[in-house]
$ cat my_file.cif   # mmCIF, C-alpha atoms
data_work
#
loop_
_atom_site.label_atom_id
_atom_site.label_comp_id
_atom_site.auth_asym_id
_atom_site.auth_seq_id
_atom_site.Cartn_x
_atom_site.Cartn_y
_atom_site.Cartn_z
CA MET A 689 95.97 120.57 91.39
CA SER A 690 99.45 121.95 90.79
CA THR A 691 101.98 119.77 88.96
CA ASP A 692 104.88 121.43 90.80
CA PRO A 693 106.68 118.53 92.51
CA SER A 694 107.48 120.71 95.52
CA THR A 695 103.82 121.48 96.25
CA VAL A 696 102.35 120.15 99.49
CA THR A 697 98.88 118.66 99.07
CA ALA A 698 96.25 117.69 101.62
CA GLN A 699 93.32 115.59 100.41
CA VAL A 700 90.38 114.23 102.38
CA LYS A 701 89.31 110.84 101.05
CA PRO A 702 87.19 107.93 102.25
CA VAL A 703 89.16 104.75 102.82
CA VAL A 704 87.79 101.29 103.53
CA ILE A 705 89.78 99.30 106.11
CA PRO A 706 88.79 95.83 107.38
CA THR A 707 87.90 96.26 111.05
CA TYR A 708 87.12 94.12 114.09
CA PRO A 709 84.79 96.63 115.80
CA PRO A 710 84.48 97.10 119.56
CA LEU A 711 81.05 96.10 120.80
CA GLU A 712 78.74 98.39 122.73
CA PRO A 713 79.66 98.78 126.42
CA ASP A 714 77.52 97.54 129.28
CA PRO A 715 74.47 99.86 129.51
CA ASN A 716 74.88 99.86 133.30
CA PRO A 717 78.63 100.21 133.78
CA MET A 718 80.47 99.98 137.06
CA PHE A 719 83.40 102.26 137.90
CA PHE A 720 86.33 101.07 140.00
CA GLU A 721 88.05 103.78 142.06
CA SER A 722 91.14 101.67 142.77
CA ARG A 723 91.77 100.48 139.19
CA ASN A 724 95.38 100.58 137.94
CA ILE A 725 96.54 100.70 134.33
CA GLN A 726 100.03 101.31 132.92
CA GLY A 727 101.19 102.06 136.46
CA SER A 728 98.73 104.95 136.80
CA LYS A 729 95.35 105.53 138.39
CA GLY A 730 92.79 103.97 136.10
CA ASN A 731 89.58 105.81 136.94
CA ILE A 732 87.48 106.35 133.82
CA TYR A 733 84.26 108.03 135.05
CA PRO A 734 82.15 109.26 133.25
CA ARG A 735 83.16 106.96 130.36
CA PRO A 736 82.10 103.29 130.37
CA TYR A 737 84.63 100.52 129.86
CA ILE A 738 84.34 98.47 126.66
CA ASP A 739 85.23 94.87 127.48
CA ARG A 740 83.96 93.12 124.35
CA LEU A 741 85.45 93.00 120.85
CA SER A 742 83.91 91.46 117.77
CA GLY A 743 85.54 88.36 116.32
CA GLU A 744 83.99 89.10 112.93
CA LYS A 745 85.76 91.38 110.47
CA VAL A 746 83.69 93.98 108.61
CA GLU A 747 84.49 96.53 105.91
CA ARG A 748 84.48 99.94 107.59
CA GLU A 749 84.79 103.31 105.84
CA TYR A 750 86.98 105.92 107.54
CA THR A 751 87.72 109.51 106.67
CA ALA A 752 91.42 109.64 105.79
CA ILE A 753 93.56 112.69 105.12
CA TYR A 754 96.52 112.27 102.77
CA LEU A 755 99.21 114.88 103.37
CA GLU A 756 101.98 114.76 100.79
CA ASN A 757 105.06 116.53 99.47
CA GLU A 758 107.74 115.45 97.02
CA TYR A 759 109.39 113.10 99.54
CA LEU A 760 106.75 111.89 102.00
CA GLN A 761 103.13 110.75 102.05
CA MET A 762 101.28 110.73 105.38
CA MET A 763 97.91 109.06 105.96
CA LEU A 764 95.97 110.41 108.95
CA LEU A 765 92.86 108.97 110.61
CA PRO A 766 91.07 111.65 112.68
CA GLU A 767 88.34 109.15 113.65
CA LEU A 768 90.77 106.98 115.64
CA GLY A 769 91.96 109.44 118.25
CA GLY A 770 93.65 111.66 115.68
CA ARG A 771 96.59 109.45 114.73
CA ILE A 772 99.10 109.04 111.95
CA PHE A 773 98.07 105.75 110.36
CA ALA A 774 100.95 105.50 107.88
CA GLY A 775 104.07 107.34 106.75
CA LEU A 776 105.64 106.50 103.38
CA ASP A 777 109.11 107.45 102.14
CA LYS A 778 108.36 108.01 98.46
CA THR A 779 112.03 107.83 97.47
CA ASN A 780 112.30 104.10 98.23
CA GLY A 781 108.75 102.92 99.05
CA TYR A 782 109.56 102.31 102.73
CA ASP A 783 106.80 102.62 105.36
CA PHE A 784 108.80 104.27 108.12
CA PHE A 785 105.86 103.76 110.50
CA TYR A 786 104.21 100.36 110.92
CA ARG A 787 101.28 100.23 108.50
CA HIS A 788 98.34 97.96 109.25
CA LYS A 789 96.03 96.40 106.70
CA VAL A 790 93.37 95.93 109.37
CA ILE A 791 91.98 97.67 112.46
CA LYS A 792 92.23 94.94 115.09
CA PRO A 793 91.98 96.24 118.66
CA ALA A 794 92.91 94.48 121.87
CA LEU A 795 91.83 95.39 125.41
CA ILE A 796 94.92 97.38 126.33
CA GLY A 797 93.61 100.96 126.56
CA LEU A 798 92.18 102.84 129.54
CA TYR A 799 88.65 102.44 128.12
CA GLY A 800 89.41 99.04 126.58
CA PRO A 801 90.10 98.98 122.80
CA TRP A 802 93.57 99.93 121.54
CA ILE A 803 95.41 99.34 118.27
CA SER A 804 99.09 99.26 117.43
CA GLY A 805 100.91 100.88 114.51
CA GLY A 806 101.25 104.32 113.01
CA VAL A 807 101.82 107.09 115.56
CA GLU A 808 99.55 107.34 118.59
CA PHE A 809 99.66 110.62 120.52
CA ASN A 810 99.33 109.62 124.15
CA TRP A 811 97.84 112.15 126.53
CA PRO A 812 96.79 112.99 129.21
CA GLN A 813 97.61 109.41 130.17
CA HIS A 814 99.27 106.40 128.59
CA HIS A 815 97.84 104.88 126.44
CA ARG A 816 95.57 107.61 125.10
CA PRO A 817 92.17 107.10 126.78
CA SER A 818 90.28 108.45 123.77
CA THR A 819 92.29 106.48 121.21
CA PHE A 820 89.03 105.20 119.62
CA ASP A 821 87.17 108.52 119.79
CA PRO A 822 86.86 110.81 116.75
CA THR A 823 88.63 114.15 116.68
CA TYR A 824 87.79 117.34 114.84
CA PHE A 825 90.14 118.23 112.00
CA ASN A 826 91.06 121.30 110.01
CA ILE A 827 93.55 121.88 107.20
CA GLU A 828 95.68 125.02 107.44
CA SER A 829 97.82 126.45 104.62
CA HIS A 830 100.89 128.56 105.36
CA PRO A 831 102.65 131.30 103.35
CA ASP A 832 105.76 129.15 102.83
CA GLY A 833 103.70 126.51 101.02
CA SER A 834 103.52 124.10 103.96
CA LYS A 835 100.27 122.61 105.19
CA THR A 836 99.18 121.50 108.66
CA VAL A 837 96.36 119.09 109.42
CA TRP A 838 95.09 119.89 112.92
CA MET A 839 93.28 117.17 114.88
CA SER A 840 91.66 118.34 118.10
CA GLU A 841 89.56 117.05 121.00
CA HIS A 842 88.19 117.97 124.41
CA GLU A 843 89.62 115.14 126.50
CA PRO A 844 86.65 113.48 128.25
CA LEU A 845 88.24 112.82 131.66
CA THR A 846 89.70 116.23 132.54
CA ARG A 847 87.99 118.37 129.87
CA THR A 848 91.35 119.77 128.81
CA LYS A 849 91.88 120.46 125.12
CA GLY A 850 94.56 118.74 123.04
CA MET A 851 95.56 119.52 119.47
CA VAL A 852 98.20 117.94 117.26
CA GLY A 853 99.07 119.42 113.89
CA ILE A 854 100.73 117.17 111.30
CA CYS A 855 102.78 119.45 109.06
CA LEU A 856 104.69 118.93 105.82
CA ALA A 857 106.75 121.66 104.19
CA PRO A 858 107.93 121.76 100.57
CA GLY A 859 111.49 120.58 100.11
CA LYS A 860 111.71 118.90 103.53
CA ALA A 861 111.84 115.14 104.06
CA TYR A 862 110.56 115.36 107.65
CA VAL A 863 107.13 115.53 109.25
CA GLU A 864 106.54 117.96 112.11
CA THR A 865 103.99 117.25 114.82
CA LYS A 866 102.92 120.52 116.42
CA VAL A 867 101.25 120.11 119.79
CA ARG A 868 98.96 122.55 121.62
CA LEU A 869 97.66 121.55 125.06
CA TYR A 870 95.21 123.84 126.85
CA ASN A 871 93.74 123.55 130.33
CA ARG A 872 90.31 125.09 129.83
CA THR A 873 89.28 124.37 133.45
CA PRO A 874 89.81 126.46 136.61
CA PHE A 875 91.74 123.58 138.25
CA PRO A 876 95.33 122.37 137.91
CA GLN A 877 95.44 119.14 135.89
CA THR A 878 98.02 116.42 135.47
CA PHE A 879 99.07 115.16 132.06
CA LEU A 880 101.78 113.40 130.14
CA TRP A 881 102.58 113.38 126.42
CA TRP A 882 104.31 110.50 124.68
CA ALA A 883 104.33 110.07 120.92
CA ASN A 884 104.18 106.31 120.30
CA ALA A 885 105.43 105.24 116.87
CA GLY A 886 105.08 101.67 115.69
CA VAL A 887 107.87 100.36 113.41
CA LYS A 888 108.02 97.09 111.50
CA ILE A 889 110.69 94.70 112.76
CA ASN A 890 112.67 91.63 111.85
CA ASP A 891 115.59 89.88 113.57
CA ARG A 892 117.99 92.56 112.29
CA TYR A 893 116.03 95.59 113.48
CA GLN A 894 118.05 97.75 115.89
CA VAL A 895 116.87 100.54 118.20
CA ILE A 896 119.43 103.33 118.31
CA PHE A 897 119.84 105.59 121.31
CA PRO A 898 122.39 108.44 121.10
CA PRO A 899 126.07 107.53 121.54
CA ASP A 900 126.26 109.11 125.01
CA VAL A 901 123.57 106.76 126.39
CA HIS A 902 125.39 104.07 128.39
CA TYR A 903 122.55 102.78 130.54
CA ALA A 904 118.80 102.24 130.33
CA VAL A 905 116.09 101.96 132.95
CA TYR A 906 112.67 100.36 133.29
CA HIS A 907 109.44 102.04 134.40
CA VAL A 908 109.87 104.28 137.48
CA LYS A 909 113.65 104.01 136.78
CA ASN A 910 114.00 100.64 138.43
CA PRO A 911 115.82 98.45 137.57
CA VAL A 912 118.86 99.77 135.67
CA THR A 913 121.08 98.04 133.11
CA SER A 914 124.03 99.02 130.94
CA TYR A 915 123.19 99.83 127.31
CA PRO A 916 123.39 98.65 124.60
CA ILE A 917 125.13 95.64 126.17
CA ALA A 918 122.86 94.70 129.08
CA LYS A 919 124.34 92.61 131.87
CA GLY A 920 122.74 90.63 134.65
CA PRO A 921 119.10 90.70 135.82
CA PHE A 922 116.61 93.24 134.48
CA THR A 923 112.81 92.72 134.61
CA TYR A 924 110.47 89.79 135.28
CA GLY A 925 113.32 87.49 136.24
CA LEU A 926 115.06 88.15 132.91
CA ASP A 927 118.86 87.82 133.15
CA TYR A 928 121.10 89.05 130.33
CA GLY A 929 124.10 87.23 131.74
CA GLU A 930 127.61 88.42 130.90
CA GLY A 931 126.36 90.68 128.14
CA THR A 932 123.54 90.84 125.58
CA ASP A 933 123.02 93.52 122.93
CA VAL A 934 119.46 94.59 123.77
CA SER A 935 119.41 97.29 121.08
CA TYR A 936 118.39 94.34 118.88
CA TRP A 937 114.89 93.55 120.15
CA ALA A 938 115.25 89.90 119.05
CA ASN A 939 117.73 89.35 121.90
CA SER A 940 114.99 89.96 124.52
CA PRO A 941 112.85 86.85 125.00
CA GLN A 942 110.27 88.65 127.14
CA ALA A 943 108.26 91.85 126.90
CA SER A 944 110.18 94.82 128.23
CA SER A 945 110.64 98.59 128.07
CA PHE A 946 113.95 100.41 127.90
CA PHE A 947 114.13 104.13 128.72
CA ALA A 948 117.33 105.88 127.65
CA ALA A 949 119.58 107.57 130.19
CA PRO A 950 119.74 111.39 129.95
CA SER A 951 121.39 112.49 126.70
CA ARG A 952 122.77 115.70 125.26
CA TYR A 953 121.64 114.60 121.82
CA GLU A 954 118.21 115.46 120.46
CA PHE A 955 117.60 112.30 118.40
CA PHE A 956 116.93 108.60 118.66
CA GLY A 957 115.45 106.10 116.27
CA GLY A 958 115.56 102.67 114.72
CA TYR A 959 117.28 101.01 111.77
CA ASP A 960 116.39 97.89 109.81
CA HIS A 961 119.72 96.39 108.74
CA GLU A 962 117.92 93.90 106.50
CA ARG A 963 115.94 96.55 104.59
CA GLY A 964 118.60 99.28 104.85
CA ALA A 965 116.10 101.85 106.13
CA GLY A 966 114.88 103.35 109.37
CA VAL A 967 113.38 106.32 111.15
CA VAL A 968 114.65 109.21 113.27
CA HIS A 969 112.85 111.14 115.99
CA LEU A 970 114.11 114.63 116.73
CA ALA A 971 113.04 117.19 119.35
CA ASP A 972 114.44 119.80 121.72
CA ALA A 973 116.12 117.73 124.44
CA GLY A 974 115.25 120.36 127.05
CA ILE A 975 111.53 119.86 126.36
CA SER A 976 111.40 116.32 124.99
CA PRO A 977 113.96 114.20 126.87
CA GLY A 978 112.01 110.92 126.80
CA LYS A 979 113.50 108.20 124.57
CA LYS A 980 112.04 104.73 124.98
CA PHE A 981 111.33 101.52 123.17
CA PHE A 982 108.93 98.72 124.04
CA THR A 983 109.09 95.21 122.65
CA TRP A 984 106.69 92.35 123.18
CA GLY A 985 109.79 90.14 123.17
CA ASN A 986 111.05 87.33 121.01
CA GLY A 987 109.16 84.52 122.71
CA GLY A 988 105.82 82.73 122.75
CA PHE A 989 104.05 85.38 124.84
CA GLY A 990 105.24 88.22 122.60
CA HIS A 991 104.48 86.49 119.31
CA GLN A 992 100.95 85.69 120.54
CA TRP A 993 100.34 89.32 121.42
CA GLN A 994 101.59 90.35 118.00
CA ARG A 995 99.00 87.99 116.45
CA ASN A 996 96.33 89.51 118.70
CA LEU A 997 96.92 92.89 117.04
CA ARG A 998 97.06 91.89 113.36
CA ASP A 999 95.74 89.34 110.89
CA ALA A 1000 98.69 86.95 110.78
CA SER A 1001 99.15 85.09 107.50
CA SER A 1002 101.60 82.59 106.05
CA ASP A 1003 101.59 84.72 102.87
CA PRO A 1004 104.29 87.43 103.23
CA ALA A 1005 102.33 89.66 100.87
CA GLU A 1006 99.35 89.60 103.22
CA ASP A 1007 101.03 89.58 106.65
CA THR A 1008 102.19 92.99 107.89
CA GLY A 1009 104.66 91.33 110.27
CA GLU A 1010 105.58 92.26 113.81
CA TYR A 1011 106.29 95.66 115.31
CA LEU A 1012 107.85 97.45 118.26
CA GLU A 1013 107.16 100.87 119.74
CA LEU A 1014 109.48 103.88 119.68
CA MET A 1015 108.20 106.42 122.21
CA ALA A 1016 109.20 110.06 122.63
CA GLY A 1017 108.23 111.79 125.88
CA VAL A 1018 107.79 115.49 126.56
CA TYR A 1019 108.53 117.06 130.00
CA THR A 1020 109.54 113.60 131.25
CA ASP A 1021 111.93 110.75 130.53
CA ASN A 1022 109.98 107.96 132.23
CA GLN A 1023 106.50 106.50 132.72
CA PRO A 1024 104.28 107.07 134.52
CA ASP A 1025 105.65 110.53 135.25
CA PHE A 1026 103.08 113.31 135.03
CA SER A 1027 103.44 117.07 134.63
CA TRP A 1028 101.11 119.82 135.80
CA ILE A 1029 99.25 122.20 133.55
CA MET A 1030 97.82 125.17 135.40
CA PRO A 1031 94.32 126.67 134.98
CA TYR A 1032 93.99 128.25 131.52
CA GLU A 1033 97.62 127.47 130.70
CA THR A 1034 98.69 126.49 127.16
CA ARG A 1035 101.69 124.27 126.45
CA THR A 1036 103.19 124.22 122.93
CA PHE A 1037 106.00 122.14 121.46
CA SER A 1038 107.01 120.25 118.33
CA GLN A 1039 108.41 116.81 117.61
CA PHE A 1040 109.84 115.68 114.26
CA TRP A 1041 110.15 112.34 112.46
CA TYR A 1042 111.90 111.40 109.23
CA PRO A 1043 113.02 108.28 107.34
CA ILE A 1044 116.63 107.35 106.63
CA GLN A 1045 118.15 104.81 104.29
CA ASN A 1046 121.35 102.89 103.55
CA ILE A 1047 123.65 104.62 106.07
CA GLY A 1048 123.78 101.66 108.47
CA GLY A 1049 122.65 103.45 111.62
CA ILE A 1050 122.74 106.88 113.25
CA LYS A 1051 125.41 108.68 115.26
CA ASN A 1052 123.93 112.18 115.05
CA ALA A 1053 120.90 113.82 113.45
CA ASN A 1054 119.29 117.23 113.12
CA LEU A 1055 116.69 118.82 110.84
CA ARG A 1056 119.14 118.98 107.92
CA ALA A 1057 120.79 115.57 107.91
CA ALA A 1058 121.50 112.32 109.71
CA LEU A 1059 124.94 110.77 109.69
CA ASN A 1060 126.74 107.62 110.69
CA LEU A 1061 130.38 106.68 111.26
CA GLU A 1062 131.36 103.04 111.78
CA VAL A 1063 134.92 101.87 112.33
CA THR A 1064 135.86 98.25 111.56
CA GLY A 1065 139.52 97.41 111.78
CA ASP A 1066 141.44 99.95 109.71
CA GLN A 1067 138.38 101.14 107.76
CA ALA A 1068 135.88 103.91 108.51
CA ALA A 1069 132.45 103.78 106.85
CA VAL A 1070 130.75 107.16 106.43
CA GLY A 1071 127.06 107.72 105.71
CA VAL A 1072 125.21 111.03 105.32
CA ASP A 1073 121.46 111.12 104.60
CA PRO A 1074 120.13 114.65 103.97
CA VAL A 1075 116.66 115.85 104.95
CA GLU A 1076 116.77 118.68 102.40
CA VAL A 1077 118.74 119.55 99.28
CA ILE A 1078 122.21 120.82 100.21
CA GLU A 1079 124.07 121.94 97.10
CA ASN A 1080 127.85 121.68 96.95
CA ALA A 1081 128.06 120.20 100.44
CA ARG A 1082 131.54 119.47 101.76
CA ILE A 1083 132.03 116.23 103.70
CA THR A 1084 135.26 115.80 105.63
CA LEU A 1085 136.66 113.11 107.89
CA THR A 1086 139.73 114.12 109.86
CA ALA A 1087 141.93 112.50 112.49
CA GLY A 1088 143.32 114.94 115.01
CA ALA A 1089 144.23 118.43 113.87
CA ARG A 1090 146.08 117.61 110.65
CA GLN A 1091 145.21 114.28 109.08
CA VAL A 1092 142.53 114.58 106.38
CA LEU A 1093 141.16 111.14 105.57
CA LEU A 1094 138.22 112.20 103.40
CA ASP A 1095 137.35 115.49 101.73
CA GLU A 1096 134.65 115.57 99.08
CA SER A 1097 132.14 118.07 97.71
CA ILE A 1098 128.80 116.77 96.49
CA ASP A 1099 125.17 117.81 96.03
CA LEU A 1100 123.08 116.11 98.72
CA THR A 1101 119.44 115.20 98.05
CA PRO A 1102 116.88 113.32 100.19
CA GLY A 1103 116.65 109.72 99.09
CA LYS A 1104 120.24 109.71 97.80
CA PRO A 1105 122.50 109.23 100.82
CA TYR A 1106 126.24 109.78 100.57
CA LEU A 1107 128.31 106.67 101.34
CA ALA A 1108 132.09 106.37 101.48
CA HIS A 1109 134.96 104.45 103.06
CA ALA A 1110 138.27 105.78 104.29
CA ALA A 1111 141.40 103.91 105.32
CA LEU A 1112 142.65 104.67 108.83
CA PRO A 1113 146.39 105.18 109.30
CA ARG A 1114 148.15 103.10 111.90
CA GLY A 1115 147.62 104.42 115.41
CA VAL A 1116 144.41 106.36 114.63
CA ALA A 1117 141.61 105.51 117.08
CA GLU A 1118 137.87 105.96 116.56
CA THR A 1119 137.87 108.69 119.20
CA ASP A 1120 140.36 110.69 117.07
CA LEU A 1121 137.89 111.03 114.20
CA LEU A 1122 135.72 114.03 113.35
CA LEU A 1123 133.06 113.79 110.65
CA ARG A 1124 131.66 117.13 109.43
CA VAL A 1125 129.20 118.27 106.80
CA GLN A 1126 129.32 121.90 105.66
CA ASP A 1127 127.17 123.79 103.19
CA ALA A 1128 128.45 125.74 100.18
CA GLY A 1129 129.03 128.81 102.34
CA GLY A 1130 131.17 126.90 104.82
CA ALA A 1131 128.55 126.82 107.59
CA GLU A 1132 128.44 123.56 109.52
CA VAL A 1133 125.38 121.44 108.82
CA ILE A 1134 126.14 118.61 111.28
CA ARG A 1135 129.08 116.87 112.92
CA TYR A 1136 129.97 113.79 114.90
CA GLN A 1137 133.09 113.13 116.95
#
$ encode --input "my_file.cif" --output "structure tokens"
Amino acid sequence: MSTDPSTVTAQVKPVVIPTYPPLEPDPNPMFFESRNIQGSKGNIYPRPYIDRLSGEKVEREYTAIYLENEYLQMMLLPELGGRIFAGLDKTNGYDFFYRHKVIKPALIGLYGPWISGGVEFNWPQHHRPSTFDPTYFNIESHPDGSKTVWMSEHEPLTRTKGMVGICLAPGKAYVETKVRLYNRTPFPQTFLWWANAGVKINDRYQVIFPPDVHYAVYHVKNPVTSYPIAKGPFTYGLDYGEGTDVSYWANSPQASSFFAAPSRYEFFGGYDHERGAGVVHLADAGISPGKKFFTWGNGGFGHQWQRNLRDASSDPAEDTGEYLELMAGVYTDNQPDFSWIMPYETRTFSQFWYPIQNIGGIKNANLRAALNLEVTGDQAAVGVDPVEVIENARITLTAGARQVLLDESIDLTPGKPYLAHAALPRGVAETDLLLRVQDAGGAEVIRYQ
């Protein structure tokens, strides 16, 4: 194996994970034509429904694929629907996706068993019907040194083909998920695609929608509430009163989903203010407009469901804690909202994820950097977290056309965010500020105003 730190490696290894296995389905299953699940038609023929889970934990060996570059390590489990099981930021040891120590399903899926955590690729329905079925996998090497692990299946309900390729490139602190959907039948088929990322939470975890998102909606876009400060009634009799910051999941006592209003920005994500780390999702907003988070809620019902999906322990070293779901939808911004794929048609698109650290949140992000700008009183806090090495980058903060509040040149490297403070002159408002990052040639890397 090469010792070059910029080399991307892909290794197939057995891994033993404690598992509560689903039990065999009824040998004479019944199929309900009028079944409903996740707001959609719940027919499952010809697959039986599994309605029994073992209460006894066993040691189960899985085939894991470790995909790694100098910044990130991804652990993939093709046997569980072809999912990302874990994503590690090697620069600070942060699991930017929720990482389980156990496979503990609950009866949430279309066929029954479903697990939380990692990244689940939901199609052609939500949640992924075949989330417990094995996928084929293949490792592909590219001329630029990147590697893609393809995980593929023939979906059992519609017989369409779905492939997701998890790709790491040398020198990049992001993971690309390449998707190929193919209708191999002579009939039009419906489908949806939502990437569902679990993230570990605490009371200071904040979900961040883009700054132009001023309202959020529930499923089927009803009801509607202002965002991030929700007011009045929302779902299930929940009333946020005169104003509650629902970007912090801990302020919602009941389970709920929040779908972002349409945005011109291509990112959303989450940030753990206690840990000083988070995750960004990025995709073409014209193809992937869906930005959503789901929380079980900060109440008895939610905490019980969290325990249903993990081995809770009083020992912090053993307990993986609670999670919420960040979901990114393609061809739709709500659920259930299906698209058509025509006979023999192929759909292709990519979605990207990457970790961030220490910048306090996100105001804009692209495939080169994420940045934040926070104004408190007469001080502006600036944070820039690069996704690649940008030598001799120039960072400027200006007010209006003439006032330069910050102007610094620095080499930017993933894992070493740039942080600075600038004093604001009297009369300067937050809306007057422009934060820019330029490369050594003067080309703009990213901006926020």
$ atom_distance --input "my_file.cif" --atom1 "atom CA of A:Pro801" --atom2 "atom CA of A:Thr819"
8.0 Å
$ closest_residue --input "my_file.cif" --among "A:Pro709, A:Pro702, A:Gly781, A:Pro715" --to "A:Leu764" --atoms "only C-alpha atoms"
A:Pro702
$ residues_near_point --input "my_file.cif" --point "(89.8, 112.3, 104.2)" --cutoff "10 Å" --atoms "only C-alpha atoms" --output "ChimeraX atom specification"
/A:698-703,750-755,763-766,825
$ write_last_selection --input "my_file.cif" --atoms "C-alpha atoms" --output "tab-separated table (two decimals), in the coordinates of the input"
chain	number	residue	atom	x	y	z
A	698	ALA	CA	96.25	117.69	101.62
A	699	GLN	CA	93.32	115.59	100.41
A	700	VAL	CA	90.38	114.23	102.38
A	701	LYS	CA	89.31	110.84	101.05
A	702	PRO	CA	87.19	107.93	102.25
A	703	VAL	CA	89.16	104.75	102.82
A	750	TYR	CA	86.98	105.92	107.54
A	751	THR	CA	87.72	109.51	106.67
A	752	ALA	CA	91.42	109.64	105.79
A	753	ILE	CA	93.56	112.69	105.12
A	754	TYR	CA	96.52	112.27	102.77
A	755	LEU	CA	99.21	114.88	103.37
A	763	MET	CA	97.91	109.06	105.96
A	764	LEU	CA	95.97	110.41	108.95
A	765	LEU	CA	92.86	108.97	110.61
A	766	PRO	CA	91.07	111.65	112.68
A	825	PHE	CA	90.14	118.23	112.00
$ closest_atom_pairs --input "my_file.cif" --of "stretch 854-910 of chain A" --to "stretch 916-930 of chain A" --cutoff "8 Å" --atoms "only C-alpha atoms" --output "tab-separated table"
residue	atom	partner	partner_atom	distance
A:His902	CA	A:Pro916	CA	6.9
A:Tyr903	CA	A:Pro916	CA	7.3
A:Tyr906	CA	A:Thr923	CA	7.8
$ closest_residue --input "my_file.cif" --among "A:Trp984, A:Asp1066, A:Asp972, A:Asp900" --to "A:Gln1137" --atoms "all atoms listed in the file"
A:Asp900
$ atom_distance --input "my_file.cif" --atom1 "atom CA of A:Lys789" --atom2 "atom CA of A:Tyr708"
11.8 Å
$ resolve_selection --input "my_file.cif" --expression "the PyMOL selection byres ((chain A and resi 1095-1111) around 8)" --output "PyMOL selection string"
chain A and resi 759+779-780+861+1044-1047+1066-1085+1092-1094+1112-1113
$ closest_residue --input "my_file.cif" --among "A:Ser694, A:Gln761, A:Thr1064, A:Thr1086" --to "A:Asp832" --atoms "all atoms listed in the file"
A:Ser694
$ resolve_selection --input "my_file.cif" --expression "the PyMOL selection byres ((chain A and resi 852) around 10)" --output "ChimeraX atom specification"
/A:770-771,809,825,836-841,850-851,853-855,864-869,1036-1038
$ atom_distance --input "my_file.cif" --atom1 "atom CA of A:Lys729" --atom2 "atom CA of A:Gly769"
20.8 Å
$ closest_residue --input "my_file.cif" --among "A:Ala1000, A:Ala883, A:Leu795, A:Gly1065" --to "A:Ser976" --atoms "all atoms listed in the file"
A:Ala883
$ resolve_selection --input "my_file.cif" --expression "the PyMOL selection byres ((chain A and resi 958-960) around 10)" --output "PyMOL selection string"
chain A and resi 784+887-897+935-936+956-957+961-969+981+1012-1014+1043-1050
$ residues_around --input "my_file.cif" --residues "A:Ile738" --least-positions-apart "6" --cutoff "7 Å" --atoms "all atoms listed in the file" --output "ChimeraX atom specification"
/A:712-713,799-801
$ closest_residue --input "my_file.cif" --among "A:Asp821, A:Asp1021, A:Glu808, A:Glu1006" --to "A:Ala948" --atoms "all atoms listed in the file"
A:Asp1021
$ build_atoms --input "my_file.cif" --residues "stretch 783-794 of chain A" --atoms "N, CA and C atoms" --output "short mmCIF file (atom, residue, chain, number, x, y, z; two decimals), in the coordinates of the input"
data_model
loop_
_atom_site.label_atom_id
_atom_site.label_comp_id
_atom_site.auth_asym_id
_atom_site.auth_seq_id
_atom_site.Cartn_x
_atom_site.Cartn_y
_atom_site.Cartn_z
N ASP A 783 107.72 102.12 104.32
CA ASP A 783 106.80 102.62 105.36
C ASP A 783 107.60 102.80 106.64
N PHE A 784 107.95 104.05 106.96
CA PHE A 784 108.80 104.27 108.12
C PHE A 784 108.02 104.22 109.43
N PHE A 785 106.69 104.15 109.37
CA PHE A 785 105.86 103.76 110.50
C PHE A 785 105.15 102.46 110.13
N TYR A 786 104.87 101.65 111.15
CA TYR A 786 104.21 100.36 110.92
C TYR A 786 102.81 100.60 110.36
N ARG A 787 102.54 100.00 109.21
CA ARG A 787 101.28 100.23 108.50
C ARG A 787 100.42 98.97 108.54
N HIS A 788 99.28 99.08 109.17
CA HIS A 788 98.34 97.96 109.25
C HIS A 788 97.52 97.85 107.97
N LYS A 789 97.04 96.62 107.72
CA LYS A 789 96.03 96.40 106.70
C LYS A 789 94.66 96.18 107.32
N VAL A 790 94.60 96.24 108.66
CA VAL A 790 93.37 95.93 109.37
C VAL A 790 93.34 96.73 110.67
N ILE A 791 92.15 97.08 111.13
CA ILE A 791 91.98 97.67 112.46
C ILE A 791 91.56 96.54 113.39
N LYS A 792 92.49 96.09 114.23
CA LYS A 792 92.23 94.94 115.09
C LYS A 792 92.61 95.31 116.52
N PRO A 793 91.66 95.81 117.30
CA PRO A 793 91.98 96.24 118.66
C PRO A 793 92.14 95.08 119.63
N ALA A 794 92.84 95.36 120.71
CA ALA A 794 92.91 94.48 121.87
C ALA A 794 92.59 95.32 123.10
#
